[in-house]
>>> print(open('upload06.csv').read())   # CSV, C-alpha atoms and all ligand atoms
chain,number,residue,atom,x,y,z
A,1,MET,CA,191.4,108.2,60.0
A,2,VAL,CA,191.2,111.6,58.4
A,3,LEU,CA,193.8,112.5,55.8
A,4,ALA,CA,195.1,116.1,56.1
A,5,VAL,CA,196.7,116.2,52.7
A,6,GLU,CA,195.7,114.0,49.7
A,7,TRP,CA,196.6,114.0,46.0
A,8,ARG,CA,193.7,113.8,43.5
A,9,ASP,CA,193.9,113.5,39.7
A,10,ASP,CA,190.2,113.9,39.1
A,11,PRO,CA,188.7,116.2,37.8
A,12,GLN,CA,192.2,117.8,37.5
A,13,PRO,CA,195.6,117.4,39.3
A,14,MET,CA,195.2,118.9,42.7
A,15,ILE,CA,195.9,118.7,46.4
A,16,ARG,CA,192.8,118.1,48.6
A,17,LEU,CA,193.2,119.5,52.1
A,18,ILE,CA,190.8,119.3,55.0
A,19,ASP,CA,190.4,123.0,56.0
A,20,GLN,CA,191.6,122.7,59.6
A,21,THR,CA,190.4,126.2,60.4
A,22,ALA,CA,186.8,125.0,60.1
A,23,LEU,CA,187.2,122.0,62.5
A,24,PRO,CA,185.5,120.8,64.6
A,25,SER,CA,182.3,122.4,63.5
A,26,GLU,CA,182.6,121.7,59.9
A,27,GLU,CA,184.4,119.1,57.7
A,28,ARG,CA,185.2,121.3,54.7
A,29,TYR,CA,187.7,120.5,51.9
A,30,LEU,CA,189.9,122.7,49.8
A,31,ASP,CA,190.9,121.7,46.3
A,32,ILE,CA,194.2,123.3,45.5
A,33,VAL,CA,195.2,123.8,41.9
A,34,GLU,CA,197.2,127.1,42.2
A,35,VAL,CA,200.3,128.2,44.1
A,36,ASP,CA,198.5,131.3,45.5
A,37,ASP,CA,195.9,129.1,47.1
A,38,LEU,CA,198.4,126.7,48.6
A,39,VAL,CA,200.5,129.6,50.1
A,40,GLU,CA,197.3,131.1,51.6
A,41,ALA,CA,196.2,127.7,53.0
A,42,ILE,CA,199.6,127.2,54.7
A,43,GLN,CA,199.7,130.8,56.1
A,44,ARG,CA,196.2,130.7,57.6
A,45,LEU,CA,196.8,127.2,58.9
A,46,ALA,CA,194.2,125.4,56.8
A,47,VAL,CA,197.0,122.9,56.5
A,48,ARG,CA,199.4,122.9,59.4
A,49,GLY,CA,201.6,120.7,61.6
A,50,ALA,CA,205.2,120.1,60.5
A,51,PRO,CA,204.9,116.7,58.7
A,52,ALA,CA,201.7,117.7,56.9
A,53,LEU,CA,203.4,120.9,55.8
A,54,GLY,CA,206.2,118.6,54.3
A,55,ALA,CA,203.5,116.7,52.4
A,56,ALA,CA,201.9,119.9,51.2
A,57,GLY,CA,205.3,121.3,50.2
A,58,SER,CA,206.3,118.3,48.1
A,59,LEU,CA,202.9,117.9,46.4
A,60,GLY,CA,202.9,121.7,46.0
A,61,VAL,CA,205.8,121.4,43.6
A,62,VAL,CA,203.6,119.2,41.4
A,63,VAL,CA,200.8,121.8,41.6
A,64,ALA,CA,203.2,124.5,40.6
A,65,MET,CA,204.5,122.5,37.6
A,66,HIS,CA,200.9,122.0,36.3
A,67,GLN,CA,200.1,125.6,36.8
A,68,ALA,CA,203.3,126.6,34.9
A,69,GLU,CA,202.3,124.4,32.0
A,70,ARG,CA,198.7,125.9,31.9
A,71,GLU,CA,199.9,129.5,32.2
A,72,GLY,CA,203.1,129.3,30.2
A,73,TRP,CA,205.5,130.3,33.0
A,74,ASP,CA,209.2,130.2,32.2
A,75,GLN,CA,211.7,128.3,34.5
A,76,ALA,CA,212.6,131.4,36.5
A,77,ARG,CA,208.9,132.1,37.3
A,78,LEU,CA,208.3,128.5,38.2
A,79,GLN,CA,211.3,128.4,40.6
A,80,THR,CA,210.1,131.7,42.2
A,81,GLU,CA,206.6,130.3,42.8
A,82,ILE,CA,208.1,127.1,44.3
A,83,ASP,CA,210.2,129.3,46.6
A,84,ARG,CA,207.0,131.0,47.8
A,85,ILE,CA,205.6,127.6,48.9
A,86,ARG,CA,208.9,126.7,50.5
A,87,ASN,CA,209.1,129.9,52.5
A,88,ALA,CA,205.4,130.3,53.3
A,89,ARG,CA,206.1,129.6,57.0
A,90,PRO,CA,209.6,129.6,58.5
A,91,THR,CA,209.8,127.4,61.6
A,92,ALA,CA,208.7,123.9,60.5
A,93,VAL,CA,211.7,122.5,58.7
A,94,ASN,CA,209.5,119.9,57.0
A,95,LEU,CA,208.0,122.4,54.6
A,96,ALA,CA,211.4,123.4,53.1
A,97,TRP,CA,212.5,119.7,53.4
A,98,GLY,CA,209.4,118.5,51.4
A,99,VAL,CA,210.1,121.0,48.6
A,100,ASP,CA,213.8,120.3,48.5
A,101,GLU,CA,213.4,116.5,48.4
A,102,VAL,CA,211.5,116.6,45.2
A,103,ARG,CA,212.9,119.6,43.4
A,104,PRO,CA,215.9,117.8,41.9
A,105,ALA,CA,213.4,115.5,40.1
A,106,MET,CA,211.7,118.4,38.2
A,107,SER,CA,213.8,117.8,35.1
A,108,HIS,CA,212.2,114.3,34.8
A,109,GLY,CA,208.6,115.8,34.6
A,110,SER,CA,205.7,116.2,36.9
A,111,ASP,CA,204.8,112.5,37.0
A,112,GLU,CA,208.2,111.7,38.5
A,113,VAL,CA,207.9,114.6,41.1
A,114,LEU,CA,204.4,113.3,42.0
A,115,ARG,CA,205.8,109.7,42.4
A,116,LEU,CA,208.5,111.0,44.8
A,117,ALA,CA,206.1,113.2,46.7
A,118,GLN,CA,203.7,110.4,47.2
A,119,LYS,CA,206.6,108.2,48.4
A,120,LEU,CA,207.5,110.8,51.0
A,121,VAL,CA,203.8,110.9,52.2
A,122,THR,CA,203.8,107.1,52.5
A,123,GLU,CA,207.1,107.0,54.3
A,124,ASP,CA,205.8,109.7,56.8
A,125,GLY,CA,202.9,107.5,57.7
A,126,GLU,CA,205.2,104.5,58.2
A,127,ALA,CA,207.6,106.6,60.3
A,128,ASN,CA,204.8,107.7,62.5
A,129,ARG,CA,203.7,104.1,63.1
A,130,MET,CA,207.2,103.1,64.0
A,131,LEU,CA,207.9,106.0,66.3
A,132,GLY,CA,204.5,105.4,68.0
A,133,ARG,CA,205.7,101.9,69.0
A,134,LEU,CA,209.2,103.1,70.0
A,135,GLY,CA,207.7,105.9,72.1
A,136,ALA,CA,205.2,103.7,73.9
A,137,ASP,CA,207.9,101.2,74.6
A,138,TRP,CA,210.2,103.9,76.0
A,139,ILE,CA,207.5,105.4,78.2
A,140,LEU,CA,206.4,102.1,79.7
A,141,GLU,CA,209.9,101.0,80.4
A,142,ARG,CA,210.9,104.4,81.9
A,143,THR,CA,207.8,104.8,84.1
A,144,GLY,CA,207.3,101.2,85.0
A,145,LEU,CA,203.6,101.8,84.9
A,146,ASP,CA,200.8,99.6,83.4
A,147,ARG,CA,198.7,102.6,82.5
A,148,VAL,CA,200.1,106.1,81.6
A,149,ARG,CA,198.3,109.4,82.0
A,150,VAL,CA,199.5,111.9,79.4
A,151,VAL,CA,199.5,115.7,78.9
A,152,THR,CA,199.9,116.9,75.3
A,153,HIS,CA,200.1,120.3,73.6
A,154,CYS,CA,198.9,121.6,70.2
A,155,ASN,CA,197.9,118.9,67.7
A,156,THR,CA,200.3,116.1,66.6
A,157,GLY,CA,197.7,113.7,65.2
A,158,ALA,CA,196.7,112.6,61.7
A,159,LEU,CA,195.8,116.2,60.9
A,160,ALA,CA,199.3,117.4,61.5
A,161,THR,CA,201.0,114.6,59.5
A,162,SER,CA,200.5,112.3,56.5
A,163,ALA,CA,198.9,109.7,58.8
A,164,TRP,CA,198.6,108.5,62.4
A,165,GLY,CA,200.5,111.4,64.1
A,166,THR,CA,203.7,111.8,66.0
A,167,GLY,CA,203.1,112.5,69.7
A,168,TYR,CA,199.5,111.5,69.0
A,169,GLY,CA,200.8,108.3,67.5
A,170,ILE,CA,202.4,107.4,70.8
A,171,ILE,CA,199.1,108.2,72.6
A,172,HIS,CA,197.2,106.0,70.1
A,173,GLU,CA,199.7,103.2,70.5
A,174,LEU,CA,199.3,103.3,74.3
A,175,HIS,CA,195.5,103.2,73.8
A,176,ASP,CA,195.7,100.3,71.4
A,177,ARG,CA,197.8,98.4,74.1
A,178,ASP,CA,195.1,99.3,76.7
A,179,GLN,CA,197.8,101.1,78.7
A,180,LEU,CA,196.6,104.7,78.4
A,181,GLY,CA,195.0,106.6,81.2
A,182,LEU,CA,193.4,110.0,81.0
A,183,VAL,CA,194.7,112.4,78.4
A,184,TYR,CA,194.9,116.1,79.2
A,185,ALA,CA,194.9,118.1,75.9
A,186,ASP,CA,196.0,121.7,76.3
A,187,GLU,CA,193.7,124.0,74.4
A,188,THR,CA,196.7,125.7,72.9
A,189,ARG,CA,196.1,129.4,72.6
A,190,PRO,CA,195.7,131.4,70.5
A,191,LEU,CA,194.4,129.2,67.7
A,192,LEU,CA,193.2,126.3,69.8
A,193,GLN,CA,194.8,123.4,67.9
A,194,GLY,CA,194.4,121.4,71.1
A,195,ALA,CA,190.7,122.1,71.8
A,196,ARG,CA,189.6,122.1,68.2
A,197,LEU,CA,191.8,119.5,66.6
A,198,THR,CA,193.4,117.1,69.2
A,199,SER,CA,190.1,116.8,71.0
A,200,TRP,CA,188.3,116.1,67.7
A,201,GLU,CA,190.8,113.4,66.9
A,202,LEU,CA,190.6,111.9,70.4
A,203,THR,CA,186.8,111.9,70.2
A,204,GLN,CA,186.8,110.2,66.8
A,205,ASP,CA,189.2,107.6,68.2
A,206,GLY,CA,187.2,107.0,71.3
A,207,ILE,CA,190.0,108.1,73.6
A,208,GLU,CA,189.1,109.4,77.0
A,209,HIS,CA,190.4,112.9,77.5
A,210,VAL,CA,189.8,116.4,79.0
A,211,VAL,CA,190.7,119.7,77.4
A,212,GLN,CA,192.4,122.1,79.8
A,213,ALA,CA,193.5,125.8,79.5
A,214,ASP,CA,197.2,126.1,78.8
A,215,GLY,CA,197.6,127.9,82.1
A,216,ALA,CA,196.4,124.7,83.9
A,217,ALA,CA,199.2,122.5,82.4
A,218,ALA,CA,202.0,123.2,84.9
A,219,SER,CA,199.7,122.8,87.8
A,220,THR,CA,198.3,119.5,86.4
A,221,ILE,CA,201.9,118.2,86.2
A,222,LEU,CA,203.0,119.4,89.6
A,223,ARG,CA,199.8,118.0,91.2
A,224,GLY,CA,200.9,114.5,89.9
A,225,LEU,CA,197.8,114.2,87.6
A,226,VAL,CA,199.9,113.0,84.7
A,227,ASP,CA,202.9,110.6,84.2
A,228,VAL,CA,204.4,112.0,81.1
A,229,ALA,CA,204.2,115.0,78.7
A,230,ILE,CA,204.3,114.3,75.0
A,231,THR,CA,204.6,116.9,72.3
A,232,GLY,CA,205.6,117.0,68.6
A,233,ALA,CA,208.2,119.3,67.1
A,234,ASP,CA,208.6,121.7,64.2
A,235,ARG,CA,212.4,121.7,64.1
A,236,ILE,CA,214.9,119.8,66.2
A,237,THR,CA,218.5,121.0,66.1
A,238,ALA,CA,221.7,118.9,66.1
A,239,ASN,CA,222.0,119.1,69.9
A,240,GLY,CA,218.4,118.2,70.7
A,241,ASP,CA,216.9,121.6,71.2
A,242,ALA,CA,213.3,121.4,70.0
A,243,ALA,CA,211.0,124.1,68.6
A,244,ASN,CA,207.3,123.4,69.0
A,245,LYS,CA,204.0,125.3,69.5
A,246,ILE,CA,204.2,128.2,71.9
A,247,GLY,CA,203.6,126.9,75.4
A,248,SER,CA,205.6,123.6,75.0
A,249,VAL,CA,208.5,124.8,77.0
A,250,SER,CA,206.2,125.5,80.0
A,251,LEU,CA,205.4,121.8,80.1
A,252,ALA,CA,209.0,120.9,79.9
A,253,LEU,CA,209.9,123.2,82.8
A,254,ALA,CA,207.1,121.8,84.9
A,255,CYS,CA,208.1,118.2,84.0
A,256,ALA,CA,211.7,118.8,85.1
A,257,ARG,CA,210.4,120.1,88.5
A,258,ALA,CA,208.0,117.2,88.9
A,259,GLY,CA,210.6,114.6,87.8
A,260,ILE,CA,208.5,113.2,85.0
A,261,PRO,CA,209.5,112.7,81.4
A,262,PHE,CA,209.0,115.3,78.7
A,263,ILE,CA,209.0,113.6,75.3
A,264,VAL,CA,209.4,115.1,71.9
A,265,ALA,CA,208.1,112.9,69.0
A,266,ALA,CA,208.9,113.6,65.4
A,267,PRO,CA,209.9,111.9,62.2
A,268,PHE,CA,213.5,112.3,61.3
A,269,SER,CA,212.5,114.8,58.6
A,270,THR,CA,211.9,117.3,61.4
A,271,VAL,CA,215.6,117.0,62.5
A,272,ASP,CA,217.7,119.8,61.1
A,273,LEU,CA,221.3,118.8,61.5
A,274,ALA,CA,222.5,121.9,59.7
A,275,THR,CA,221.2,124.0,62.6
A,276,LYS,CA,223.3,123.5,65.6
A,277,ARG,CA,221.3,125.1,68.5
A,278,GLY,CA,217.8,126.3,69.2
A,279,GLU,CA,218.9,129.9,69.3
A,280,ASP,CA,219.4,129.7,65.6
A,281,ILE,CA,215.8,128.7,64.8
A,282,VAL,CA,213.7,131.4,63.2
A,283,ILE,CA,210.5,131.7,65.2
A,284,GLU,CA,207.4,132.6,63.2
A,285,GLU,CA,205.7,135.7,64.7
A,286,ARG,CA,202.0,135.8,63.6
A,287,ASP,CA,199.5,138.5,63.4
A,288,SER,CA,198.9,140.3,66.7
A,289,ASP,CA,195.1,140.1,66.1
A,290,GLU,CA,195.2,136.3,66.8
A,291,VAL,CA,196.0,137.2,70.4
A,292,VAL,CA,193.9,140.3,71.0
A,293,PHE,CA,190.7,138.9,69.4
A,294,PHE,CA,188.9,135.7,70.3
A,295,GLY,CA,186.3,134.1,68.0
A,296,GLY,CA,186.2,137.4,66.1
A,297,VAL,CA,185.6,139.5,69.2
A,298,ARG,CA,188.2,141.9,70.5
A,299,THR,CA,189.2,140.9,74.0
A,300,ALA,CA,192.0,143.4,74.7
A,301,PRO,CA,191.3,147.2,74.7
A,302,LEU,CA,191.6,149.1,71.5
A,303,GLY,CA,195.2,150.1,70.9
A,304,ALA,CA,196.6,147.1,72.9
A,305,ARG,CA,199.1,145.3,70.8
A,306,GLY,CA,199.5,141.5,70.9
A,307,PHE,CA,202.7,139.5,71.0
A,308,ASN,CA,202.3,136.4,69.0
A,309,PRO,CA,205.3,134.1,68.6
A,310,ALA,CA,203.9,130.8,67.2
A,311,PHE,CA,206.6,128.6,68.6
A,312,ASP,CA,209.1,128.3,71.5
A,313,VAL,CA,212.3,126.3,71.9
A,314,THR,CA,212.7,123.7,74.6
A,315,PRO,CA,216.4,123.5,75.5
A,316,HIS,CA,217.8,119.9,75.2
A,317,ASP,CA,218.5,119.6,78.9
A,318,LEU,CA,214.8,119.6,79.5
A,319,VAL,CA,214.0,117.0,76.9
A,320,SER,CA,214.0,113.5,78.4
A,321,ALA,CA,213.6,111.7,75.0
A,322,ILE,CA,213.4,112.5,71.3
A,323,VAL,CA,211.5,109.7,69.7
A,324,THR,CA,212.0,109.2,65.9
A,325,GLU,CA,211.4,106.3,63.6
A,326,ARG,CA,215.1,105.7,63.6
A,327,GLY,CA,215.4,105.4,67.4
A,328,VAL,CA,215.3,107.3,70.6
A,329,VAL,CA,217.9,109.8,72.0
A,330,GLU,CA,217.9,111.2,75.5
A,331,PRO,CA,219.2,114.8,75.4
A,332,ALA,CA,218.6,115.7,79.0
A,333,THR,CA,221.2,113.1,80.1
A,334,ASP,CA,223.4,113.2,76.9
A,335,PRO,CA,225.1,116.5,76.3
A,336,ASP,CA,226.6,115.5,72.9
A,337,PRO,CA,226.2,118.6,70.7
A,338,GLU,CA,225.7,116.4,67.7
A,339,LEU,CA,223.6,113.6,69.3
A,340,LEU,CA,220.9,113.7,66.6
A,341,ALA,CA,223.6,112.9,64.0
A,342,ARG,CA,223.8,109.4,65.5
A,343,LEU,CA,220.4,108.6,64.0
A,344,ALA,CA,221.3,110.0,60.6
A,345,SER,CA,222.7,106.9,58.9
B,401,LIG,O1,201.2,126.3,64.0
B,401,LIG,P1,200.9,124.9,63.8
B,401,LIG,O2,199.6,124.4,64.1
B,401,LIG,O3,201.4,124.4,62.5
B,401,LIG,O4,201.9,124.2,64.9
B,401,LIG,C1,202.0,122.8,64.9
B,401,LIG,C2,202.8,122.3,66.0
B,401,LIG,O5,203.5,123.0,66.8
B,401,LIG,C3,202.9,120.8,66.2
B,401,LIG,O6,203.0,120.4,67.5
B,401,LIG,C4,204.1,120.3,65.4
B,401,LIG,O7,204.1,120.8,64.1
B,401,LIG,C5,204.3,118.9,65.4
B,401,LIG,S1,203.1,118.1,64.4
B,401,LIG,C6,203.2,116.5,64.4
>>> encode(input="upload06.csv", output="structure tokens")
Amino acid sequence: MVLAVEWRDDPQPMIRLIDQTALPSEERYLDIVEVDDLVEAIQRLAVRGAPALGAAGSLGVVVAMHQAEREGWDQARLQTEIDRIRNARPTAVNLAWGVDEVRPAMSHGSDEVLRLAQKLVTEDGEANRMLGRLGADWILERTGLDRVRVVTHCNTGALATSAWGTGYGIIHELHDRDQLGLVYADETRPLLQGARLTSWELTQDGIEHVVQADGAAASTILRGLVDVAITGADRITANGDAANKIGSVSLALACARAGIPFIVAAPFSTVDLATKRGEDIVIEERDSDEVVFFGGVRTAPLGARGFNPAFDVTPHDLVSAIVTERGVVEPATDPDPELLARLAS
């Protein structure tokens, strides 16, 4: 299994990232020893996916501390640079969470911050294993099927996390139990995380799948070709509204019409209890060129502007289940405005 984010001490303290923009054609690695390079890697999606951003954020604090020592930054400069990492992308709560979890340990030195960051990384992998099992159990029980066909969106695999994956973890678990049918992977315009990354992981894991255009997803669901939709999340609010890659809500709407479950899988670190409703989530809007160009070639006429929200919010009443390592809640049938708080303790 590939590791999206890894700490290395040799030849110097650094984060090693697989450059996800180069996949699937090339397995290229980035060694990050400076804050500028980490912020750039986050913003151009060399590292991406909410839990992987959490890992990059917490390890990024260690990178910043080492750079501060080399370059003689004062405390104010160091905190400003850490804030740049924390705020490099706004929607995935895990990025800020990863930074905030380790920041209080800075007074104990970079070794202690590293120890804590690595603990978070390990725990994320464990959480994914657990939610994979819980999600597979929930789906098999709810559908009553022996073999489940799945549609998924964006990339929620090992590349998007510290290990295993969230939504992908459930798919993997069903595969391991020999209870997985065909997987439909949405290509996920405009940056093709589904076609480039999910299909790459499915291929590596020997999981039978097809890649479909995003525009095919609703029809695939309404035609009865899949039994369940599984996505990840970038931020889940207290009432169960879930932000995820743009296009996710279209799957949820189609699932509601077809009467099949729409499942959101995420570690509890993606739950933001301080934000009450999806309307309060800041949605990252990315460069218009990502939409009006394809593979470096302009596809829309000169002068046409793109509209490029990176995420959408699926309202809780369309979410059949939110699967975390702490348990499963069912927002569509449970209108409690604080239902995620039940998993907090
Ligand atoms: O813009 P990205 O590629 O970072 O968006 C990622 C997603 O939307 C994922 O589905 C989400 O982070 C869940 S990852 C387990």
>>> closest_residue(input="upload06.csv", among="A:His175, A:Arg277, A:Arg342, A:Arg89", to="ligand LIG 401 (chain B)", atoms="all atoms listed in the file")
A:Arg89
>>> closest_atom_pairs(input="upload06.csv", of="chain A", to="ligand LIG 401 (chain B)", cutoff="8 Å", atoms="only C-alpha atoms and all ligand atoms", output="tab-separated table")
residue	atom	partner	partner_atom	distance
A:Leu45	CA	B:LIG401	O3	6.5
A:Val47	CA	B:LIG401	O3	7.6
A:Arg48	CA	B:LIG401	O3	4.0
A:Gly49	CA	B:LIG401	O7	3.5
A:Ala50	CA	B:LIG401	O7	3.8
A:Pro51	CA	B:LIG401	C6	6.0
A:Ala52	CA	B:LIG401	S1	7.6
A:Leu53	CA	B:LIG401	O3	7.8
A:Ala92	CA	B:LIG401	O7	6.6
A:His153	CA	B:LIG401	O6	6.8
A:Cys154	CA	B:LIG401	O6	5.1
A:Asn155	CA	B:LIG401	O6	5.3
A:Thr156	CA	B:LIG401	C6	3.7
A:Gly157	CA	B:LIG401	C6	6.2
A:Ala160	CA	B:LIG401	S1	4.8
A:Thr161	CA	B:LIG401	C6	5.7
A:Gly165	CA	B:LIG401	C6	5.8
A:Thr166	CA	B:LIG401	C6	5.0
A:Gly167	CA	B:LIG401	C6	6.6
A:Tyr168	CA	B:LIG401	C6	7.7
A:Leu191	CA	B:LIG401	O2	7.9
A:Gln193	CA	B:LIG401	O2	6.2
A:Thr231	CA	B:LIG401	O6	6.2
A:Gly232	CA	B:LIG401	C5	3.9
A:Ala233	CA	B:LIG401	C5	4.3
A:Asp234	CA	B:LIG401	O7	4.6
A:Ala243	CA	B:LIG401	O5	7.8
A:Asn244	CA	B:LIG401	O5	4.4
A:Lys245	CA	B:LIG401	O5	3.6
A:Ile246	CA	B:LIG401	O5	7.3
A:Ala265	CA	B:LIG401	C6	7.6
A:Ala266	CA	B:LIG401	C6	6.5
A:Ala310	CA	B:LIG401	O1	6.1
A:Phe311	CA	B:LIG401	O5	6.6
>>> residues_around(input="upload06.csv", residues="A:Arg133", least_positions_apart="3", cutoff="7 Å", atoms="all atoms listed in the file", output="VMD selection string")
chain A and resid 129 to 130 136 to 137 170 173
>>> atom_distance(input="upload06.csv", atom1="atom CA of A:Ala300", atom2="atom CA of A:Ile42")
26.8 Å
>>> closest_residue(input="upload06.csv", among="A:Ser250, A:Asn128, A:Ser110, A:Thr80", to="A:Leu222", atoms="all atoms listed in the file")
A:Ser250
>>> residues_around(input="upload06.csv", residues="A:Gly240", least_positions_apart="4", cutoff="6 Å", atoms="only C-alpha atoms", output="list in words")
Ile236, His316 and Pro331 of chain A
>>> build_atoms(input="upload06.csv", residues="stretch 327-335 of chain A", atoms="all heavy atoms", output="compact mmCIF listing (two decimals), in the frame of the given file")
# COMPACT_ATOMS: atom_id res chain seq x y z
N GLY A 327 214.95 105.72 66.03
CA GLY A 327 215.40 105.40 67.40
C GLY A 327 215.15 106.57 68.32
O GLY A 327 214.60 107.61 67.92
N VAL A 328 215.57 106.38 69.56
CA VAL A 328 215.30 107.30 70.60
C VAL A 328 216.65 107.87 71.14
O VAL A 328 217.58 107.09 71.35
CB VAL A 328 214.55 106.67 71.80
CG1 VAL A 328 214.24 107.67 72.91
CG2 VAL A 328 213.26 106.01 71.29
N VAL A 329 216.74 109.20 71.32
CA VAL A 329 217.90 109.80 72.00
C VAL A 329 217.40 110.48 73.27
O VAL A 329 216.22 110.85 73.35
CB VAL A 329 218.72 110.72 71.13
CG1 VAL A 329 219.43 109.97 70.01
CG2 VAL A 329 217.85 111.84 70.57
N GLU A 330 218.31 110.66 74.23
CA GLU A 330 217.90 111.20 75.50
C GLU A 330 218.73 112.46 75.84
O GLU A 330 219.71 112.41 76.60
CB GLU A 330 218.08 110.13 76.61
CG GLU A 330 217.23 108.89 76.30
CD GLU A 330 217.33 107.81 77.37
OE1 GLU A 330 218.04 108.01 78.37
OE2 GLU A 330 216.67 106.77 77.19
N PRO A 331 218.34 113.60 75.26
CA PRO A 331 219.20 114.80 75.40
C PRO A 331 219.42 115.28 76.79
O PRO A 331 220.50 115.79 77.08
CB PRO A 331 218.34 115.86 74.59
CG PRO A 331 217.44 115.08 73.71
CD PRO A 331 217.15 113.81 74.43
N ALA A 332 218.46 115.12 77.69
CA ALA A 332 218.60 115.70 79.00
C ALA A 332 219.81 115.04 79.77
O ALA A 332 220.43 115.67 80.62
CB ALA A 332 217.34 115.45 79.85
N THR A 333 220.12 113.80 79.40
CA THR A 333 221.20 113.10 80.10
C THR A 333 222.39 112.86 79.13
O THR A 333 223.31 112.11 79.46
CB THR A 333 220.75 111.79 80.69
OG1 THR A 333 220.08 111.05 79.66
CG2 THR A 333 219.80 112.04 81.84
N ASP A 334 222.34 113.46 77.95
CA ASP A 334 223.40 113.20 76.90
C ASP A 334 223.76 114.51 76.28
O ASP A 334 223.13 114.96 75.33
CB ASP A 334 222.75 112.24 75.88
CG ASP A 334 223.77 111.77 74.86
OD1 ASP A 334 224.87 112.37 74.80
OD2 ASP A 334 223.46 110.81 74.13
N PRO A 335 224.80 115.16 76.80
CA PRO A 335 225.10 116.50 76.30
C PRO A 335 225.88 116.58 75.02
O PRO A 335 226.44 117.62 74.68
CB PRO A 335 225.98 117.05 77.50
CG PRO A 335 226.61 115.83 78.11
CD PRO A 335 225.69 114.67 77.85
